[in-house]
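Data first, discussion second: the structure below is written as structure tokens.
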Amino acid sequence: MNMRVPVSWLREYLKTDVAAKTIAQYLTTSGPSVERIEKDGQDLIFDIEVTTNRPDAFSIYGLAREAHAILKSYSQKSQLLTPKGLQTNLRPDTNYQLPVEVIIKDKNLCPRFTAIVIDNVKIKPSPAIIKNRLEKCGIRAINNIVDIANYVMIELGQPMHTFDYDKIKRARMVLRETKAGEKIKTLDGKLRKLPNGAIVIEDGERLIDLCGIMGGKNSAVSSRTKRVVMFVQSYNPTKIRKTTQALAFRTEAAARFEKGVDLEGILPALGRSIFLAKLTAGAKIASELVDIYPSPQKKKPITLSLEKLNKYLGLTIPSSKAQSILTSLGFATTSTAQTITATPPSWRTTDCQIEEDLIEEIARIYGYHNLPSKLPKGQIPDREDSILTRVIELKKSLKFQGLTEILTYSIISRKFLELTETAEKDAVELANPLTEQWQFMRPTLLVSLADVIAKNQNLRPNIKIFEVAKTYEQVESDLPKQDLKLSVALSGASFYDIKGLVENVLEILNLEAKFEKPKQNPLFVKEFSAQIKVGDIEVGVLGLLSHKIRGYFDFKYPAVAAEINLTTCYQLPATRKTYKPVPKYPPVIEDISAIFDQKTTVAEITSSVKKLGDPLVKQVEIIDIYQDPKLGKNKKSVTLRLTYQKPTETPLQEEVTRFKNIIIRELERLFKAQIRK
Amino acid sequence: MNLQIKKALEKAKAKIESTKTVKELEQTYVEIFGKNGLLTQLTKSIKDIKPKDRAKFGQSVNAIKKEIEAALAKKRSSLDVLRSAALIDITAPGKKQQIGHLHLVSQAIEEIVDIFKKLGFSLQSYPEVDWDWYVFESLNIPKDHPARDEWETFLVKSTAKPHYGSLVLTPHTSNGQVREMERVKTPPVRMINIARCYRRQIDVSHTPMFHQFEGMLIDKNVSIGDLKGTFDYFTSRFFGPKRVTRLRPHHFRFTEPSFEVDITCGVCLGHGCRICKAGWLELGGAGMVHPKVLETGKIDSKRYTAFAFGWGIERTIAMKTDIGDIRLLYQNDLRFLEQF
């Protein structure tokens, strides 16, 4: 959370000659970061990021306190002054006392409740200094009383509220949780329907405060107000947070209450507000102080081992130095030869609870830049890398085959999901999507690749892209299945182009692939696609992208694609490569061309030829396939290249002819092939 | 030298000199060294020489033979050059295989992995859709804690599981911390985990999906100094030796102490300029692993200490290159992708 800090205000409590820029630099290095410095007339404004664990520093005085400790460690002189009126006497000024009846239904809602009534209030604009400071911090000045509440909040970090005493029915305040359906009109004029469990105050008749977030309109201080309840508390941070989340409404006060406020700082804040009310509105205390504080904050000393401290820092720091740092931050310390025991100040009790918290305080004030920088010693663990390291190599191999890697969002729209024909119940769906464009975790990368082809198709007809990413499938009451997949898409290319690429990929993965008839897949044209298998395990799919995809993305050119499950592939045993002696004698190589029925697959042909040619035929390659009406209806010509080879000599022509004749005869018999001479 | 020999040499040289093509040169060679060639005839004529002069004659013939051969070789190479120059335009495009491109994010990942591997870190991979427990609770971020606000987390429609809670898209890679501890059980641990992360935000410096990398080292006696050293090692290799890092106090629930890591701006090297404001750019978050997190991962926090860090890859790319708007990385315009 960020805070605007006028440097003039900061300097009211931090007396030092150090330049603003230098203060900012030291704060950033050892404390809350000054993210920006703006000029505002004669003044400078620091924009400071205060981390959520430091609500104590989310105030002008808190930052002055912090800067004071930090400047000291940089050997810079400074003095910390406390705001006036923290110790104001809260005894009544009047000889009459106005009654206030307070009932707290559940003490867990409100660890400390203080209130006091002031009379004789003259509502008017605040003095210029208060108005200016509030405005520099981005808060609109309203009148002297309302401004005090905001002023004290910014200055001390303690939010507070003011009620018009005369608007509180029967002078009664009941603090409780909301019941279903309750409503309140807040100061900003909005009628808010409250969730269950919000903390509210009810007077004799109605709700008058949405505690910790914003006061009720019905009890607000106005220009006619004479008597005011000055009201400072702390609330259960979780309750405040839940309410702000349910209402989607967060105020400066709520941002502080949900992080917790210093219980011991409540009375001083009330004192300061009374001091200011007397000063600016002529107020007189007209009631007893109400202070309900059932379990006062306990001091919790922490013992830090010096050995541990030095281990963390990587150097030896004198105990006295460590103690003086803690003291400068308000800790009370004692020590032994081996330990320091430090009791955090009241404003740091929630933040500082364990040894490591003290180490952080000492280390940051000592200066992280003063700690050594060295490479870790110790044993290197013997641990295998995940498959991602192998993926890097695979991606590079694709790059060198001319493909360009894309990166698309893993979150897709409902429309894209529909294209995959995945049922919504099987998909991983977001409960709080940012836009309609991103609603489901994708079960396949292919639709995203099709989208990228469409976006780029005006550049050139041939696009070659790939992506490696996880895909997501719902698994009943378990983590979704999150397999890593490789998807490739080629536009203006054929089935055989993508098949060749897939064959290359599997060769790189050291796997022997088979291609079989595809299962039903809405992304591909059935007749022009195949499933990819290694042994009996399906590892992917490839083929021509379906007409539906082509139509939806308005492809100018047909596109082919493949998706391979890498998680599966990397779990499969790689093909073992074995040594075979390099043949000593040259082979005889001869081709056979024949006309086959189109339905006859080359796999059937080659496997028959291999069987028939054994042991003389060592290799059967398909070197040409073509179709032509001249060959006859539904016919194709296939040219096979046969390698005849023997380990002991070059095969004799008679042997070759004998095998060749058998092969030709059987091709004619088995496949009704017409041999072409 | 014999006049006959001198004449033969001059004749041969003249023939070679007048040659215009490699083919002609071959013809010339035959004319000199062939069956009836100039030199062959000269050698044959030795029988007409008086026996006492024959040795000298032979030496002279050999000498001019060498000279002629040298002249031929010289001519041949000059003709070769001429032939090449006439046919080749070295500025015309060569015949090459098409080479594609890796995405900048992949290039960065490879570089990062290589650097950390040298320090003994291994690359691990953890779920990108994970239980609330691993993403928040195990990291000391209870339900309803304001610290959760820092991550604009996407929630998944699912039924909550006892202990693990509901499913979320990981807004950071730190879900790998306790998962890694559970897997390894006994330190030392040196791991990096690179994954896609998701947050509900989009602007010039944020995309709803981005890549984060996480490092964690658990061992005996791990100090803030080790963390600093590791960062310095990484940044000097990844960003170059001129750039340095600094730690700034910060707060994360799962580390104590916690830091923001800044790196000097690449433009002004830390002097301050219009791009970086004060000379530093925010790189990512880091810290010493909170003892509660170690204990949750069943690591004895009395024996072991650990550091962890994490930051966005896209951010580091933006810092290293001139890409001002990181959404460009996800637009998948080939004209962009093919630049790298």
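Residue numbering restarts at 1 in every chain; chains get A, B, ... in the order shown in the structure tokens, and ligands count up from 1 in that same order.
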I'd like a table as CSV: residues in chain B with an atom no more than 7 Å from chain A, each row giving the shortest atom pair and its distance in Å to one decimal, only C-alpha atoms counted, sorted by chain and rising residue number.
residue,atom,partner,partner_atom,distance
B:Gln98,CA,A:Gly402,CA,4.7
B:Ile99,CA,A:Gly402,CA,4.0
B:Gly100,CA,A:Gly402,CA,4.0
B:His101,CA,A:Thr404,CA,4.5
B:Leu102,CA,A:Glu405,CA,5.0
B:His103,CA,A:Glu405,CA,5.3
B:Glu110,CA,A:Ile392,CA,6.8
B:Gly120,CA,A:Ile380,CA,5.5
B:Ser122,CA,A:Asp385,CA,5.2
B:Leu123,CA,A:Asp385,CA,5.0
B:Gln124,CA,A:Ser386,CA,4.9
B:Ser125,CA,A:Ser386,CA,6.1
B:Asp130,CA,A:Leu479,CA,6.7
B:Asp144,CA,A:Thr238,CA,6.4
B:Ala147,CA,A:Thr52,CA,6.9
B:Phe154,CA,A:Asn432,CA,6.0
B:Leu155,CA,A:Ala431,CA,5.2
B:Val156,CA,A:Leu430,CA,4.3
B:Lys157,CA,A:Ala431,CA,4.8
B:Pro188,CA,A:Pro381,CA,5.8
B:Val189,CA,A:Pro381,CA,6.1
B:Arg190,CA,A:Pro381,CA,6.7
B:Arg200,CA,A:Leu434,CA,5.9
B:Met209,CA,A:Tyr409,CA,6.4
B:Asn221,CA,A:Lys311,CA,6.1
B:Val222,CA,A:Tyr312,CA,6.9
B:Ser223,CA,A:Tyr312,CA,4.3
B:Ile224,CA,A:Leu313,CA,5.5
B:Gly225,CA,A:Ser373,CA,4.6
B:Asp226,CA,A:Pro376,CA,4.9
B:Lys228,CA,A:Ser373,CA,4.9
B:Gly229,CA,A:Lys374,CA,4.1
B:Thr230,CA,A:Leu375,CA,5.7
B:Arg246,CA,A:His369,CA,6.8
B:Leu247,CA,A:Tyr368,CA,6.2
B:Arg248,CA,A:Thr29,CA,5.4
B:Pro249,CA,A:Gly31,CA,5.9
B:His250,CA,A:Thr51,CA,6.6
B:His251,CA,A:Thr51,CA,5.9
B:Glu256,CA,A:Glu356,CA,5.9
B:Pro257,CA,A:Glu360,CA,4.7
B:Tyr330,CA,A:Thr408,CA,6.0
B:Asn332,CA,A:Ile406,CA,5.9
B:Asp333,CA,A:Asn456,CA,6.6
B:Leu334,CA,A:Asn456,CA,6.7
Next, write the just-selected residues to a file, as a PDB file, in the first residue's frame, keeping C-alpha atoms as the atom set.
ATOM      1  CA  GLN B  98      14.927 -22.381 -43.608  1.00  0.00           C
ATOM      2  CA  ILE B  99      15.638 -21.693 -39.940  1.00  0.00           C
ATOM      3  CA  GLY B 100      12.843 -20.720 -37.582  1.00  0.00           C
ATOM      4  CA  HIS B 101      12.815 -18.754 -34.352  1.00  0.00           C
ATOM      5  CA  LEU B 102      12.509 -19.440 -30.674  1.00  0.00           C
ATOM      6  CA  HIS B 103      10.262 -17.201 -28.633  1.00  0.00           C
ATOM      7  CA  GLU B 110      17.387 -21.451 -21.665  1.00  0.00           C
ATOM      8  CA  GLY B 120      24.189 -26.970  -9.197  1.00  0.00           C
ATOM      9  CA  SER B 122      18.221 -28.480 -11.204  1.00  0.00           C
ATOM     10  CA  LEU B 123      15.144 -27.505 -13.178  1.00  0.00           C
ATOM     11  CA  GLN B 124      11.908 -28.833 -11.725  1.00  0.00           C
ATOM     12  CA  SER B 125       8.321 -28.550 -12.797  1.00  0.00           C
ATOM     13  CA  ASP B 130      -2.749 -26.161  -7.890  1.00  0.00           C
ATOM     14  CA  ASP B 144      -8.541 -13.991   4.604  1.00  0.00           C
ATOM     15  CA  ALA B 147      -1.269 -10.504   1.985  1.00  0.00           C
ATOM     16  CA  PHE B 154      -7.769 -16.627 -10.687  1.00  0.00           C
ATOM     17  CA  LEU B 155      -9.934 -19.209  -8.952  1.00  0.00           C
ATOM     18  CA  VAL B 156     -11.011 -22.451 -10.578  1.00  0.00           C
ATOM     19  CA  LYS B 157     -14.579 -23.733 -10.327  1.00  0.00           C
ATOM     20  CA  PRO B 188      20.530 -30.056   0.287  1.00  0.00           C
ATOM     21  CA  VAL B 189      18.057 -28.659  -2.223  1.00  0.00           C
ATOM     22  CA  ARG B 190      18.969 -26.438  -5.148  1.00  0.00           C
ATOM     23  CA  ARG B 200      -6.055 -11.031 -13.043  1.00  0.00           C
ATOM     24  CA  MET B 209      -0.411 -15.082 -18.117  1.00  0.00           C
ATOM     25  CA  ASN B 221      24.258 -22.424   7.203  1.00  0.00           C
ATOM     26  CA  VAL B 222      22.650 -20.688   4.229  1.00  0.00           C
ATOM     27  CA  SER B 223      23.026 -16.920   4.709  1.00  0.00           C
ATOM     28  CA  ILE B 224      21.791 -13.703   3.171  1.00  0.00           C
ATOM     29  CA  GLY B 225      25.331 -13.480   1.760  1.00  0.00           C
ATOM     30  CA  ASP B 226      24.719 -16.675  -0.233  1.00  0.00           C
ATOM     31  CA  LYS B 228      23.433 -12.014  -2.608  1.00  0.00           C
ATOM     32  CA  GLY B 229      26.242 -14.006  -4.186  1.00  0.00           C
ATOM     33  CA  THR B 230      23.813 -16.097  -6.201  1.00  0.00           C
ATOM     34  CA  ARG B 246      20.824  -4.518  -4.317  1.00  0.00           C
ATOM     35  CA  LEU B 247      18.428  -5.886  -1.719  1.00  0.00           C
ATOM     36  CA  ARG B 248      15.728  -3.651  -0.345  1.00  0.00           C
ATOM     37  CA  PRO B 249      13.587  -4.515   2.689  1.00  0.00           C
ATOM     38  CA  HIS B 250      10.216  -5.917   1.781  1.00  0.00           C
ATOM     39  CA  HIS B 251       7.604  -8.226   3.186  1.00  0.00           C
ATOM     40  CA  GLU B 256      11.841 -13.674   6.762  1.00  0.00           C
ATOM     41  CA  PRO B 257      13.748 -11.480   6.149  1.00  0.00           C
ATOM     42  CA  TYR B 330       1.816 -12.648 -26.594  1.00  0.00           C
ATOM     43  CA  ASN B 332       2.209 -13.752 -31.883  1.00  0.00           C
ATOM     44  CA  ASP B 333       2.781 -11.502 -34.842  1.00  0.00           C
ATOM     45  CA  LEU B 334       5.340 -13.355 -36.942  1.00  0.00           C
TER      46      LEU B 334
END
Give the strand (DSSP E or B) residues of segment 134-201 of chain B, as DSSP finds them on the backbone, and put them as a count of residues only. 17
Taking 6 positions as the minimum chain separation for residues in the same chain, which residues sit within 8 Å of Phe275 of chain A when counting only C-alpha atoms? Answer as a PyMOL selection string. chain A and resi 84-86+88
The selected residues should be written to file as a short mmCIF file (atom, residue, chain, number, x, y, z; two decimals), in the first residue's frame (atoms: C-alpha atoms).
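Below you can see selection.cif, which holds the result:
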data_model
loop_
_atom_site.label_atom_id
_atom_site.label_comp_id
_atom_site.auth_asym_id
_atom_site.auth_seq_id
_atom_site.Cartn_x
_atom_site.Cartn_y
_atom_site.Cartn_z
CA LYS A 84 1.49 17.56 20.78
CA GLY A 85 -1.42 16.39 22.90
CA LEU A 86 -0.79 12.65 22.98
CA THR A 88 -3.98 15.18 26.98
#
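Among the candidates A:Gln42, A:Met173, A:Glu621, A:Ser491, the residue lying nearest to Pro558 of chain A is A:Ser491 (atoms considered: only C-alpha atoms).
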Applying 9 Å and only C-alpha atoms, which residues near segment 268-273 of chain B remain after dropping the ones on its own chain fewer than 5 positions away? List them as an MDAnalysis selection string. chainID B and resid 242:244 263 278:280
What's the 9 Å shell around Ile70 of chain A, counting only C-alpha atoms, without same-chain residues fewer than 3 positions away, as JSON, numbers by chain? {"A": [23, 26, 27, 30, 31, 65, 66, 67, 73, 74, 75, 76, 325, 328, 329, 365, 366]}
Filtering to N, CA and C atoms, could you give me those residues as a JSON list (two decimals), in the first residue's frame?
[["chain", "number", "residue", "atom", "x", "y", "z"],
["A", 23, "ILE", "N", 17.25, 11.47, 2.65],
["A", 23, "ILE", "CA", 16.35, 10.74, 3.55],
["A", 23, "ILE", "C", 15.63, 9.66, 2.74],
["A", 26, "TYR", "N", 17.94, 6.71, 1.99],
["A", 26, "TYR", "CA", 18.20, 5.86, 3.14],
["A", 26, "TYR", "C", 16.96, 5.06, 3.52],
["A", 27, "LEU", "N", 15.81, 5.70, 3.47],
["A", 27, "LEU", "CA", 14.57, 4.98, 3.78],
["A", 27, "LEU", "C", 14.42, 3.80, 2.84],
["A", 30, "SER", "N", 16.87, 0.92, 3.62],
["A", 30, "SER", "CA", 16.77, 0.20, 4.90],
["A", 30, "SER", "C", 15.36, 0.10, 5.47],
["A", 31, "GLY", "N", 14.40, 0.70, 4.79],
["A", 31, "GLY", "CA", 13.05, 0.69, 5.34],
["A", 31, "GLY", "C", 12.02, 0.73, 4.23],
["A", 65, "ARG", "N", 9.54, 8.08, 12.83],
["A", 65, "ARG", "CA", 10.16, 7.18, 13.81],
["A", 65, "ARG", "C", 11.13, 6.22, 13.09],
["A", 66, "GLU", "N", 10.66, 5.70, 11.98],
["A", 66, "GLU", "CA", 11.45, 4.76, 11.20],
["A", 66, "GLU", "C", 12.70, 5.48, 10.62],
["A", 67, "ALA", "N", 12.47, 6.65, 10.05],
["A", 67, "ALA", "CA", 13.57, 7.40, 9.43],
["A", 67, "ALA", "C", 14.62, 7.78, 10.47],
["A", 73, "SER", "N", 21.70, 4.90, 11.90],
["A", 73, "SER", "CA", 22.63, 3.86, 11.45],
["A", 73, "SER", "C", 23.51, 4.35, 10.30],
["A", 74, "TYR", "N", 23.10, 5.40, 9.64],
["A", 74, "TYR", "CA", 23.95, 6.01, 8.61],
["A", 74, "TYR", "C", 24.77, 7.17, 9.20],
["A", 75, "SER", "N", 24.83, 7.20, 10.53],
["A", 75, "SER", "CA", 25.58, 8.23, 11.27],
["A", 75, "SER", "C", 25.13, 9.64, 10.92],
["A", 76, "GLN", "N", 23.83, 9.81, 10.72],
["A", 76, "GLN", "CA", 23.29, 11.14, 10.46],
["A", 76, "GLN", "C", 22.54, 11.61, 11.70],
["A", 325, "ILE", "N", 20.74, -1.20, 17.43],
["A", 325, "ILE", "CA", 19.78, -1.11, 16.32],
["A", 325, "ILE", "C", 18.37, -1.37, 16.84],
["A", 328, "SER", "N", 17.05, 1.45, 18.84],
["A", 328, "SER", "CA", 16.67, 2.62, 18.05],
["A", 328, "SER", "C", 15.29, 2.43, 17.42],
["A", 329, "LEU", "N", 14.87, 1.16, 17.27],
["A", 329, "LEU", "CA", 13.55, 0.88, 16.69],
["A", 329, "LEU", "C", 12.48, 0.76, 17.77],
["A", 365, "ILE", "N", 18.66, -2.54, 9.04],
["A", 365, "ILE", "CA", 19.19, -1.28, 9.54],
["A", 365, "ILE", "C", 20.73, -1.28, 9.43],
["A", 366, "TYR", "N", 21.31, -2.44, 9.67],
["A", 366, "TYR", "CA", 22.77, -2.56, 9.49],
["A", 366, "TYR", "C", 23.11, -2.29, 8.02]]
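Distances from A:Gly492, A:Ala423, A:Leu289, A:Leu523 to Val447 of chain A were compared using only C-alpha atoms, and the smallest one belongs to A:Leu523.
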Near-Val100 of chain A list (12 Å; only C-alpha atoms; drop same-chain fewer than 2 positions) as number ranges by chain: A: 97-98, 102-103, 114-118, 165-166, 168-174, 203-204, 228-231, 286-291
